[in-house]
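S.K.: Input file: target_20.cif. Contents: mmCIF, C-alpha atoms, pLDDT in the B column; chains and numbers go by the auth columns.
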data_model
loop_
_atom_site.group_PDB
_atom_site.id
_atom_site.type_symbol
_atom_site.label_atom_id
_atom_site.label_comp_id
_atom_site.label_asym_id
_atom_site.label_seq_id
_atom_site.Cartn_x
_atom_site.Cartn_y
_atom_site.Cartn_z
_atom_site.B_iso_or_equiv
_atom_site.auth_seq_id
_atom_site.auth_asym_id
ATOM 1 C CA MET A 1 17.090 -34.804 19.972 90.00 1 Z
ATOM 2 C CA LYS A 2 13.787 -35.151 21.782 90.00 2 Z
ATOM 3 C CA LEU A 3 11.549 -32.753 23.635 89.00 3 Z
ATOM 4 C CA ILE A 4 11.342 -33.843 27.260 88.00 4 Z
ATOM 5 C CA GLY A 5 9.463 -30.867 28.616 86.00 5 Z
ATOM 6 C CA THR A 6 8.970 -27.154 28.862 85.00 6 Z
ATOM 7 C CA GLU A 7 9.735 -24.894 31.790 83.00 7 Z
ATOM 8 C CA LYS A 8 8.075 -21.490 31.549 83.00 8 Z
ATOM 9 C CA ASP A 9 9.296 -20.331 28.123 85.00 9 Z
ATOM 10 C CA ARG A 10 12.214 -22.745 27.984 89.00 10 Z
ATOM 11 C CA LEU A 11 12.572 -25.980 26.056 91.00 11 Z
ATOM 12 C CA LEU A 12 14.190 -29.020 27.643 92.00 12 Z
ATOM 13 C CA LEU A 13 15.775 -31.276 25.047 94.00 13 Z
ATOM 14 C CA HIS A 14 17.282 -34.712 25.465 95.00 14 Z
ATOM 15 C CA PHE A 15 20.366 -35.798 23.529 95.00 15 Z
ATOM 16 C CA GLY A 16 21.983 -39.232 23.462 95.00 16 Z
ATOM 17 C CA ARG A 17 25.671 -39.241 24.420 92.00 17 Z
ATOM 18 C CA ARG A 18 27.081 -39.577 20.902 94.00 18 Z
ATOM 19 C CA GLU A 19 24.289 -37.420 19.562 95.00 19 Z
ATOM 20 C CA LYS A 20 25.474 -34.533 21.739 94.00 20 Z
ATOM 21 C CA ASP A 21 29.056 -34.878 20.447 93.00 21 Z
ATOM 22 C CA LEU A 22 27.795 -34.938 16.885 96.00 22 Z
ATOM 23 C CA PHE A 23 25.563 -31.916 17.503 96.00 23 Z
ATOM 24 C CA LEU A 24 28.414 -29.823 18.925 94.00 24 Z
ATOM 25 C CA HIS A 25 30.743 -30.950 16.159 95.00 25 Z
ATOM 26 C CA ILE A 26 28.339 -29.926 13.415 97.00 26 Z
ATOM 27 C CA LEU A 27 27.639 -26.547 15.043 96.00 27 Z
ATOM 28 C CA ARG A 28 31.361 -25.747 15.016 94.00 28 Z
ATOM 29 C CA LEU A 29 31.195 -25.674 11.193 96.00 29 Z
ATOM 30 C CA TYR A 30 29.097 -22.478 11.290 96.00 30 Z
ATOM 31 C CA PRO A 31 29.141 -20.290 9.211 95.00 31 Z
ATOM 32 C CA ARG A 32 29.257 -22.036 5.845 95.00 32 Z
ATOM 33 C CA VAL A 33 27.333 -19.805 3.432 94.00 33 Z
ATOM 34 C CA PRO A 34 29.683 -17.214 1.877 84.00 34 Z
ATOM 35 C CA PRO A 35 28.559 -13.636 2.671 73.00 35 Z
ATOM 36 C CA ALA A 36 28.302 -12.679 -1.024 80.00 36 Z
ATOM 37 C CA HIS A 37 25.919 -15.544 -1.794 87.00 37 Z
ATOM 38 C CA TYR A 38 22.713 -13.629 -1.154 87.00 38 Z
ATOM 39 C CA ARG A 39 21.296 -11.134 -3.647 87.00 39 Z
ATOM 40 C CA VAL A 40 18.549 -8.676 -2.832 89.00 40 Z
ATOM 41 C CA SER A 41 17.088 -8.896 -6.341 88.00 41 Z
ATOM 42 C CA LYS A 42 17.373 -11.026 -9.477 85.00 42 Z
ATOM 43 C CA SER A 43 16.831 -8.075 -11.778 79.00 43 Z
ATOM 44 C CA GLY A 44 19.347 -5.823 -10.047 69.00 44 Z
ATOM 45 C CA PRO A 45 18.995 -4.003 -6.727 57.00 45 Z
ATOM 46 C CA ALA A 46 16.161 -1.516 -6.335 58.00 46 Z
ATOM 47 C CA ASP A 47 18.772 1.097 -5.518 64.00 47 Z
ATOM 48 C CA ALA A 48 22.496 1.028 -4.915 67.00 48 Z
ATOM 49 C CA SER A 49 22.185 0.844 -1.162 81.00 49 Z
ATOM 50 C CA SER A 50 19.809 -2.148 -1.048 80.00 50 Z
ATOM 51 C CA GLN A 51 22.439 -4.811 -1.676 84.00 51 Z
ATOM 52 C CA GLN A 52 24.814 -3.142 0.772 84.00 52 Z
ATOM 53 C CA LEU A 53 22.080 -2.952 3.405 83.00 53 Z
ATOM 54 C CA LEU A 54 21.312 -6.632 2.958 85.00 54 Z
ATOM 55 C CA GLU A 55 24.948 -7.658 3.297 86.00 55 Z
ATOM 56 C CA GLU A 56 25.395 -5.493 6.395 88.00 56 Z
ATOM 57 C CA ALA A 57 22.272 -6.965 7.984 86.00 57 Z
ATOM 58 C CA LEU A 58 23.441 -10.507 7.248 88.00 58 Z
ATOM 59 C CA VAL A 59 26.935 -9.847 8.614 90.00 59 Z
ATOM 60 C CA GLU A 60 25.389 -8.399 11.776 91.00 60 Z
ATOM 61 C CA GLN A 61 23.127 -11.429 12.094 90.00 61 Z
ATOM 62 C CA ARG A 62 26.033 -13.786 11.543 91.00 62 Z
ATOM 63 C CA ASN A 63 28.079 -12.053 14.277 92.00 63 Z
ATOM 64 C CA GLU A 64 25.138 -12.321 16.639 91.00 64 Z
ATOM 65 C CA ASN A 65 24.666 -16.017 15.814 91.00 65 Z
ATOM 66 C CA GLN A 66 28.369 -16.654 16.408 92.00 66 Z
ATOM 67 C CA LYS A 67 28.154 -14.989 19.823 92.00 67 Z
ATOM 68 C CA GLN A 68 25.214 -17.165 20.802 90.00 68 Z
ATOM 69 C CA LEU A 69 26.935 -20.226 19.428 91.00 69 Z
ATOM 70 C CA SER A 70 30.074 -19.499 21.451 90.00 70 Z
ATOM 71 C CA ALA A 71 27.881 -19.198 24.523 86.00 71 Z
ATOM 72 C CA LEU A 72 26.269 -22.567 23.816 85.00 72 Z
ATOM 73 C CA LEU A 73 29.576 -24.294 23.079 82.00 73 Z
ATOM 74 C CA GLY A 74 31.501 -22.590 25.871 82.00 74 Z
ATOM 75 C CA GLN A 75 29.068 -23.030 28.745 83.00 75 Z
ATOM 76 C CA PRO A 76 29.124 -26.623 29.936 82.00 76 Z
ATOM 77 C CA GLN A 77 26.464 -25.758 32.516 82.00 77 Z
ATOM 78 C CA ARG A 78 23.970 -25.441 29.689 86.00 78 Z
ATOM 79 C CA TRP A 79 24.180 -29.220 29.480 91.00 79 Z
ATOM 80 C CA ALA A 80 22.995 -31.377 32.379 93.00 80 Z
ATOM 81 C CA GLU A 81 24.212 -34.975 32.375 93.00 81 Z
ATOM 82 C CA GLN A 82 21.565 -37.626 32.868 90.00 82 Z
ATOM 83 C CA HIS A 83 21.840 -41.377 33.117 83.00 83 Z
ATOM 84 C CA SER A 84 20.878 -41.888 29.465 87.00 84 Z
ATOM 85 C CA GLY A 85 22.504 -38.830 27.898 94.00 85 Z
ATOM 86 C CA TRP A 86 22.326 -35.074 28.217 95.00 86 Z
ATOM 87 C CA ARG A 87 19.703 -32.420 28.741 94.00 87 Z
ATOM 88 C CA LEU A 88 20.007 -29.079 26.950 93.00 88 Z
ATOM 89 C CA THR A 89 17.885 -26.117 27.973 91.00 89 Z
ATOM 90 C CA LEU A 90 17.030 -23.611 25.256 91.00 90 Z
ATOM 91 C CA GLY A 91 15.811 -20.145 26.207 89.00 91 Z
ATOM 92 C CA PRO A 92 13.313 -17.913 24.390 89.00 92 Z
ATOM 93 C CA GLY A 93 14.309 -17.270 20.774 88.00 93 Z
ATOM 94 C CA GLU A 94 17.066 -19.860 20.823 91.00 94 Z
ATOM 95 C CA PRO A 95 15.234 -22.565 18.826 92.00 95 Z
ATOM 96 C CA GLU A 96 14.791 -20.114 15.920 92.00 96 Z
ATOM 97 C CA TRP A 97 18.408 -19.055 16.128 92.00 97 Z
ATOM 98 C CA LEU A 98 19.478 -22.710 16.157 94.00 98 Z
ATOM 99 C CA LEU A 99 17.363 -23.448 13.083 96.00 99 Z
ATOM 100 C CA GLN A 100 19.070 -20.592 11.223 95.00 100 Z
ATOM 101 C CA VAL A 101 22.505 -21.878 12.203 97.00 101 Z
ATOM 102 C CA LEU A 102 21.745 -25.485 11.242 97.00 102 Z
ATOM 103 C CA ASN A 103 20.268 -24.437 7.909 98.00 103 Z
ATOM 104 C CA ASP A 104 23.256 -22.215 7.162 97.00 104 Z
ATOM 105 C CA ILE A 105 25.452 -25.284 7.654 98.00 105 Z
ATOM 106 C CA ARG A 106 23.172 -27.376 5.442 97.00 106 Z
ATOM 107 C CA VAL A 107 22.881 -24.791 2.631 97.00 107 Z
ATOM 108 C CA GLY A 108 26.574 -23.832 2.841 97.00 108 Z
ATOM 109 C CA SER A 109 27.578 -27.490 2.563 96.00 109 Z
ATOM 110 C CA TRP A 110 25.289 -27.873 -0.442 95.00 110 Z
ATOM 111 C CA LEU A 111 26.960 -24.867 -2.074 95.00 111 Z
ATOM 112 C CA LEU A 112 30.380 -26.385 -1.387 94.00 112 Z
ATOM 113 C CA LEU A 113 29.172 -29.557 -3.127 93.00 113 Z
ATOM 114 C CA GLY A 114 28.501 -27.462 -6.230 91.00 114 Z
ATOM 115 C CA SER A 115 24.742 -26.872 -5.651 91.00 115 Z
ATOM 116 C CA PRO A 116 23.640 -30.249 -7.057 89.00 116 Z
ATOM 117 C CA ASP A 117 20.043 -30.485 -8.268 86.00 117 Z
ATOM 118 C CA ASP A 118 19.535 -33.871 -6.710 75.00 118 Z
ATOM 119 C CA GLN A 119 21.349 -36.036 -4.208 67.00 119 Z
ATOM 120 C CA VAL A 120 25.127 -36.103 -4.508 61.00 120 Z
ATOM 121 C CA GLN A 121 25.950 -38.903 -6.923 71.00 121 Z
ATOM 122 C CA VAL A 122 29.514 -39.609 -5.855 81.00 122 Z
ATOM 123 C CA VAL A 123 30.865 -39.174 -2.360 83.00 123 Z
ATOM 124 C CA ASP A 124 34.653 -39.248 -2.232 88.00 124 Z
ATOM 125 C CA ASP A 125 37.468 -37.920 -0.055 86.00 125 Z
ATOM 126 C CA GLY A 126 37.063 -34.510 -1.645 86.00 126 Z
ATOM 127 C CA ASN A 127 33.431 -33.938 -0.732 90.00 127 Z
ATOM 128 C CA LEU A 128 32.800 -36.348 2.130 94.00 128 Z
ATOM 129 C CA LEU A 129 32.805 -33.626 4.834 94.00 129 Z
ATOM 130 C CA HIS A 130 30.395 -31.436 2.885 95.00 130 Z
ATOM 131 C CA ALA A 131 28.003 -34.302 2.109 94.00 131 Z
ATOM 132 C CA TRP A 132 28.128 -35.489 5.721 95.00 132 Z
ATOM 133 C CA ALA A 133 27.602 -31.975 7.136 97.00 133 Z
ATOM 134 C CA MET A 134 24.668 -31.339 4.821 96.00 134 Z
ATOM 135 C CA GLU A 135 22.886 -34.531 5.865 95.00 135 Z
ATOM 136 C CA VAL A 136 23.646 -34.309 9.592 97.00 136 Z
ATOM 137 C CA ALA A 137 22.668 -30.629 9.849 98.00 137 Z
ATOM 138 C CA GLY A 138 19.466 -31.528 7.993 97.00 138 Z
ATOM 139 C CA ALA A 139 18.700 -34.373 10.395 97.00 139 Z
ATOM 140 C CA PHE A 140 19.054 -32.085 13.436 97.00 140 Z
ATOM 141 C CA GLU A 141 16.970 -29.461 11.676 97.00 141 Z
ATOM 142 C CA ILE A 142 14.114 -31.910 11.125 96.00 142 Z
ATOM 143 C CA SER A 143 14.308 -33.049 14.765 95.00 143 Z
ATOM 144 C CA LEU A 144 14.146 -29.447 15.959 95.00 144 Z
ATOM 145 C CA LEU A 145 11.183 -28.683 13.682 96.00 145 Z
ATOM 146 C CA LYS A 146 9.330 -31.687 15.145 93.00 146 Z
ATOM 147 C CA VAL A 147 10.068 -30.402 18.638 90.00 147 Z
ATOM 148 C CA LEU A 148 8.731 -26.956 17.747 89.00 148 Z
ATOM 149 C CA GLU A 149 5.631 -28.437 16.162 86.00 149 Z
ATOM 150 C CA LYS A 150 4.874 -30.466 19.307 78.00 150 Z
ATOM 151 C CA ARG A 151 5.241 -27.314 21.322 71.00 151 Z
ATOM 152 C CA LEU A 152 2.696 -25.506 19.134 59.00 152 Z
ATOM 153 C CA MET B 1 -30.867 4.304 -21.838 40.00 1 X
ATOM 154 C CA ALA B 2 -30.301 5.479 -18.358 40.00 2 X
ATOM 155 C CA GLU B 3 -28.728 8.860 -18.016 43.00 3 X
ATOM 156 C CA THR B 4 -25.568 9.374 -16.066 44.00 4 X
ATOM 157 C CA ALA B 5 -25.428 12.230 -13.644 47.00 5 X
ATOM 158 C CA VAL B 6 -23.007 14.990 -14.561 43.00 6 X
ATOM 159 C CA PRO B 7 -21.156 16.374 -11.546 44.00 7 X
ATOM 160 C CA GLU B 8 -21.886 19.999 -10.976 46.00 8 X
ATOM 161 C CA MET B 9 -18.813 22.192 -11.049 47.00 9 X
ATOM 162 C CA LEU B 10 -18.792 25.916 -11.236 45.00 10 X
ATOM 163 C CA PRO B 11 -16.399 27.628 -13.668 48.00 11 X
ATOM 164 C CA GLY B 12 -13.252 28.854 -11.994 48.00 12 X
ATOM 165 C CA THR B 13 -13.384 26.392 -9.141 46.00 13 X
ATOM 166 C CA VAL B 14 -10.647 23.873 -8.547 45.00 14 X
ATOM 167 C CA GLN B 15 -11.494 20.375 -7.537 45.00 15 X
ATOM 168 C CA GLU B 16 -9.307 19.093 -4.723 45.00 16 X
ATOM 169 C CA GLU B 17 -7.352 15.961 -5.446 46.00 17 X
ATOM 170 C CA GLN B 18 -8.597 12.981 -3.515 49.00 18 X
ATOM 171 C CA ASP B 19 -6.239 11.734 -0.858 53.00 19 X
ATOM 172 C CA GLN B 20 -4.716 8.385 -1.711 53.00 20 X
ATOM 173 C CA PRO B 21 -3.078 6.062 0.735 57.00 21 X
ATOM 174 C CA ALA B 22 0.724 6.344 0.612 54.00 22 X
ATOM 175 C CA ALA B 23 1.066 2.657 -0.271 51.00 23 X
ATOM 176 C CA ALA B 24 -0.950 3.191 -3.454 56.00 24 X
ATOM 177 C CA LEU B 25 1.329 6.007 -4.578 58.00 25 X
ATOM 178 C CA GLU B 26 4.627 4.254 -3.921 65.00 26 X
ATOM 179 C CA PRO B 27 6.006 1.806 -6.437 71.00 27 X
ATOM 180 C CA GLY B 28 5.404 -1.680 -5.109 91.00 28 X
ATOM 181 C CA TYR B 29 7.961 -4.399 -4.612 93.00 29 X
ATOM 182 C CA LEU B 30 7.180 -8.090 -4.739 96.00 30 X
ATOM 183 C CA VAL B 31 8.786 -10.335 -2.162 97.00 31 X
ATOM 184 C CA ILE B 32 9.477 -13.599 -3.977 97.00 32 X
ATOM 185 C CA CYS B 33 10.715 -16.924 -2.669 98.00 33 X
ATOM 186 C CA TRP B 34 12.433 -19.143 -5.257 97.00 34 X
ATOM 187 C CA ASN B 35 12.691 -22.894 -5.308 96.00 35 X
ATOM 188 C CA ASP B 36 15.917 -24.670 -4.506 95.00 36 X
ATOM 189 C CA PRO B 37 16.639 -28.354 -3.989 94.00 37 X
ATOM 190 C CA VAL B 38 18.175 -27.990 -0.537 96.00 38 X
ATOM 191 C CA ASN B 39 15.632 -26.437 1.835 97.00 39 X
ATOM 192 C CA PHE B 40 13.141 -28.877 3.372 97.00 40 X
ATOM 193 C CA MET B 41 9.455 -28.296 2.694 97.00 41 X
ATOM 194 C CA ASP B 42 8.612 -28.348 6.406 97.00 42 X
ATOM 195 C CA TYR B 43 11.390 -25.859 7.070 98.00 43 X
ATOM 196 C CA VAL B 44 10.134 -23.447 4.408 98.00 44 X
ATOM 197 C CA THR B 45 6.591 -23.696 5.829 98.00 45 X
ATOM 198 C CA HIS B 46 7.909 -22.977 9.312 97.00 46 X
ATOM 199 C CA VAL B 47 9.899 -19.944 8.145 98.00 47 X
ATOM 200 C CA PHE B 48 6.868 -18.465 6.347 98.00 48 X
ATOM 201 C CA GLN B 49 4.826 -18.885 9.527 97.00 49 X
ATOM 202 C CA VAL B 50 7.462 -17.163 11.647 96.00 50 X
ATOM 203 C CA VAL B 51 8.378 -14.324 9.279 98.00 51 X
ATOM 204 C CA PHE B 52 4.861 -13.411 8.086 98.00 52 X
ATOM 205 C CA GLY B 53 2.855 -14.686 11.061 97.00 53 X
ATOM 206 C CA TRP B 54 0.741 -16.800 8.719 97.00 54 X
ATOM 207 C CA PRO B 55 -1.334 -19.795 9.798 97.00 55 X
ATOM 208 C CA LYS B 56 0.115 -23.139 8.760 96.00 56 X
ATOM 209 C CA GLN B 57 -2.364 -23.638 5.907 97.00 57 X
ATOM 210 C CA LYS B 58 -1.410 -20.392 4.184 98.00 58 X
ATOM 211 C CA ALA B 59 2.296 -21.022 4.728 98.00 59 X
ATOM 212 C CA GLN B 60 1.931 -24.502 3.211 98.00 60 X
ATOM 213 C CA PHE B 61 0.068 -23.076 0.214 98.00 61 X
ATOM 214 C CA HIS B 62 2.976 -20.746 -0.595 98.00 62 X
ATOM 215 C CA MET B 63 5.559 -23.434 0.133 98.00 63 X
ATOM 216 C CA LEU B 64 3.836 -25.716 -2.412 98.00 64 X
ATOM 217 C CA GLN B 65 3.763 -22.900 -4.965 98.00 65 X
ATOM 218 C CA VAL B 66 7.511 -22.511 -4.519 98.00 66 X
ATOM 219 C CA HIS B 67 8.008 -26.253 -4.844 96.00 67 X
ATOM 220 C CA GLU B 68 5.715 -26.834 -7.834 97.00 68 X
ATOM 221 C CA GLN B 69 5.931 -23.584 -9.767 97.00 69 X
ATOM 222 C CA GLY B 70 9.487 -22.565 -8.946 97.00 70 X
ATOM 223 C CA LYS B 71 8.536 -19.423 -7.044 97.00 71 X
ATOM 224 C CA SER B 72 5.848 -17.772 -4.980 98.00 72 X
ATOM 225 C CA VAL B 73 5.032 -14.113 -4.530 98.00 73 X
ATOM 226 C CA LEU B 74 4.747 -13.766 -0.769 98.00 74 X
ATOM 227 C CA ALA B 75 3.919 -10.077 -0.435 97.00 75 X
ATOM 228 C CA ARG B 76 3.688 -6.752 -2.252 96.00 76 X
ATOM 229 C CA GLU B 77 5.135 -4.003 -0.135 95.00 77 X
ATOM 230 C CA SER B 78 6.904 -0.658 -0.119 93.00 78 X
ATOM 231 C CA MET B 79 10.646 -0.891 -0.749 90.00 79 X
ATOM 232 C CA GLU B 80 11.465 -0.611 2.933 90.00 80 X
ATOM 233 C CA LYS B 81 9.107 -3.359 4.031 94.00 81 X
ATOM 234 C CA ALA B 82 10.078 -5.616 1.129 94.00 82 X
ATOM 235 C CA GLU B 83 13.736 -5.224 2.127 91.00 83 X
ATOM 236 C CA HIS B 84 12.834 -6.154 5.673 94.00 84 X
ATOM 237 C CA TYR B 85 11.103 -9.357 4.578 96.00 85 X
ATOM 238 C CA VAL B 86 13.923 -10.329 2.225 95.00 86 X
ATOM 239 C CA HIS B 87 16.417 -9.851 5.056 93.00 87 X
ATOM 240 C CA GLN B 88 14.294 -11.998 7.359 95.00 88 X
ATOM 241 C CA LEU B 89 13.931 -14.799 4.800 97.00 89 X
ATOM 242 C CA GLN B 90 17.632 -14.763 3.958 95.00 90 X
ATOM 243 C CA LYS B 91 18.526 -14.971 7.636 94.00 91 X
ATOM 244 C CA TYR B 92 16.939 -18.402 7.383 96.00 92 X
ATOM 245 C CA SER B 93 18.957 -19.133 4.199 96.00 93 X
ATOM 246 C CA LEU B 94 15.935 -19.121 1.931 97.00 94 X
ATOM 247 C CA HIS B 95 16.359 -17.943 -1.655 95.00 95 X
ATOM 248 C CA ALA B 96 14.298 -14.761 -1.522 96.00 96 X
ATOM 249 C CA THR B 97 14.467 -11.566 -3.517 95.00 97 X
ATOM 250 C CA MET B 98 12.463 -8.380 -4.060 94.00 98 X
ATOM 251 C CA GLU B 99 11.456 -7.323 -7.553 93.00 99 X
ATOM 252 C CA ARG B 100 9.767 -4.118 -8.657 90.00 100 X
ATOM 253 C CA ASP B 101 6.101 -4.713 -9.465 89.00 101 X
ATOM 254 C CA GLN B 102 5.614 -3.750 -13.130 76.00 102 X
#
For the file at hand, write its structure as structure tokens.

M.R.:
Amino acid sequence: MKLIGTEKDRLLLHFGRREKDLFLHILRLYPRVPPAHYRVSKSGPADASSQQLLEEALVEQRNENQKQLSALLGQPQRWAEQHSGWRLTLGPGEPEWLLQVLNDIRVGSWLLLGSPDDQVQVVDDGNLLHAWAMEVAGAFEISLLKVLEKRL
Amino acid sequence: MAETAVPEMLPGTVQEEQDQPAAALEPGYLVICWNDPVNFMDYVTHVFQVVFGWPKQKAQFHMLQVHEQGKSVLARESMEKAEHYVHQLQKYSLHATMERDQ
């Protein structure tokens, strides 16, 4: 994923051919973090409604992210084929949304690996998908952060 | 020894209570971000910049506190605002909570 230009408030990103397939494949894993994972407080919620409010807000956000993701995956016109790969145009707000989605996949995969403190020691048939998803989502996340930094 | 001035107050008069800003009267809540081994340092810095509108240097300072000390207090706010920030940080899958300021 590379920044090839900006057009008004849009970002033009270049993807290699296999990179695009990998990108779409990893995005299809969203969402990965279980809804009950997040807690509003470590010492107990400030009041009974706080935890409920948080969960409702996160569910709403997740639904919104899924809608946007369906639009990205289901609209081939978002992708323009070029001789060396593909060009994706991201509109205002979409890079932030994409970062949230990619990090959900990364963190959710880490949780599915058992929340290891360090790198996964053993990769086997049982955890290969989770380990792979965590690393690939992370790689796209870093690329997107570099793109956003260049833009700033 | 220098004398201190005694405020003049007539018997039978009631002194009005000074107005205090609402934020000072409300119990405060600390917005805390906790360390975890999965979120990238650059990502955490970016999220702090976006959510709080901080310059990169300040965001990096708090990110390093999280990384080195296990947590960083990012803000002290009313319950409503603290909830808002926690929601924003958790949207980005950061480990953030709000705790009552003792």

S.K.: Any chance you could resolve the PyMOL selection byres ((chain Z) within 8 of (chain X)) against this file and give the residues as a PDB file with C-alpha atoms, keeping the file's coordinate frame?

M.R.:
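Produced file result.pdb, reproduced below:
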ATOM      1  CA  TYR Z  38      22.713 -13.629  -1.154  1.00 87.00           C
ATOM      2  CA  ARG Z  39      21.296 -11.134  -3.647  1.00 87.00           C
ATOM      3  CA  VAL Z  40      18.549  -8.676  -2.832  1.00 89.00           C
ATOM      4  CA  SER Z  41      17.088  -8.896  -6.341  1.00 88.00           C
ATOM      5  CA  LYS Z  42      17.373 -11.026  -9.477  1.00 85.00           C
ATOM      6  CA  SER Z  43      16.831  -8.075 -11.778  1.00 79.00           C
ATOM      7  CA  ALA Z  46      16.161  -1.516  -6.335  1.00 58.00           C
ATOM      8  CA  SER Z  50      19.809  -2.148  -1.048  1.00 80.00           C
ATOM      9  CA  LEU Z  54      21.312  -6.632   2.958  1.00 85.00           C
ATOM     10  CA  ALA Z  57      22.272  -6.965   7.984  1.00 86.00           C
ATOM     11  CA  LEU Z  58      23.441 -10.507   7.248  1.00 88.00           C
ATOM     12  CA  GLN Z  61      23.127 -11.429  12.094  1.00 90.00           C
ATOM     13  CA  LEU Z  99      17.363 -23.448  13.083  1.00 96.00           C
ATOM     14  CA  GLN Z 100      19.070 -20.592  11.223  1.00 95.00           C
ATOM     15  CA  ASN Z 103      20.268 -24.437   7.909  1.00 98.00           C
ATOM     16  CA  ASP Z 104      23.256 -22.215   7.162  1.00 97.00           C
ATOM     17  CA  ARG Z 106      23.172 -27.376   5.442  1.00 97.00           C
ATOM     18  CA  VAL Z 107      22.881 -24.791   2.631  1.00 97.00           C
ATOM     19  CA  TRP Z 110      25.289 -27.873  -0.442  1.00 95.00           C
ATOM     20  CA  PRO Z 116      23.640 -30.249  -7.057  1.00 89.00           C
ATOM     21  CA  ASP Z 117      20.043 -30.485  -8.268  1.00 86.00           C
ATOM     22  CA  ASP Z 118      19.535 -33.871  -6.710  1.00 75.00           C
ATOM     23  CA  ILE Z 142      14.114 -31.910  11.125  1.00 96.00           C
ATOM     24  CA  LEU Z 145      11.183 -28.683  13.682  1.00 96.00           C
TER      25      LEU Z 145
END

S.K.: Which is closest to Gln82 of chain Z among Z:Leu29, Z:Ala36, Z:Leu13, Z:Leu98, if we use all atoms listed in the file?

M.R.: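 So, comparing all the options, the nearest one is Z:Leu13.
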
S.K.: The PyMOL selection byres ((chain X and resi 57-69) around 7) - which residues does that actually catch in the file I just gave you? List them as number ranges by chain.

M.R.: X: 33-35, 41, 44-45, 48-49, 54-56, 70-72

S.K.: Could you tell me which residues the PyMOL selection byres ((chain Z and resi 140) around 12) grabs in this file, written as an MDAnalysis selection string?

M.R.: (chainID Z and resid 1:2 15 19:20 22:24 26:27 95 98:103 105:106 133:139 141:147) or (chainID X and resid 43)

S.K.: Just give me the gap between atom CA of Glu77 of chain X and atom CA of Val33 of chain Z in Å, one decimal is fine.

M.R.: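 Atom CA of Val33 of chain Z lies 27.5 Å from atom CA of Glu77 of chain X.
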
S.K.: Which value, in Å to one decimal, gives the distance between atom CA of Ser84 of chain Z and atom CA of Gly16 of chain Z?

M.R.: 6.7 Å

S.K.: Of the residues X:Ala75, X:Leu30, X:Val51, X:Leu89, which is the one nearest to Asp101 of chain X, using only C-alpha atoms?

M.R.: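 Smallest separation from Asp101 of chain X among the options: X:Leu30.
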
S.K.: As a ChimeraX atom specification, please: the residues near Asn127 of chain Z (cut-off 12 Å, only C-alpha atoms, same-chain neighbours under 6 positions excluded).

M.R.: /Z:109-114,120-121,133-134

S.K.: Can you work out which one of Z:Pro35, Z:Glu60, Z:Leu90, Z:Gly85 has the shortest atom-to-atom distance to Leu12 of chain Z, counting all atoms listed in the file?

M.R.: Z:Leu90

S.K.: Between Z:Trp97, Z:Pro92, Z:Gln52, Z:Val122, which residue has the minimum interatomic distance to Lys67 of chain Z, considering all atoms listed in the file?

M.R.: Z:Trp97

S.K.: Could you check how far atom CA of Arg17 of chain Z sits from atom CA of Pro31 of chain Z, in Å to one decimal?

M.R.: 24.5 Å
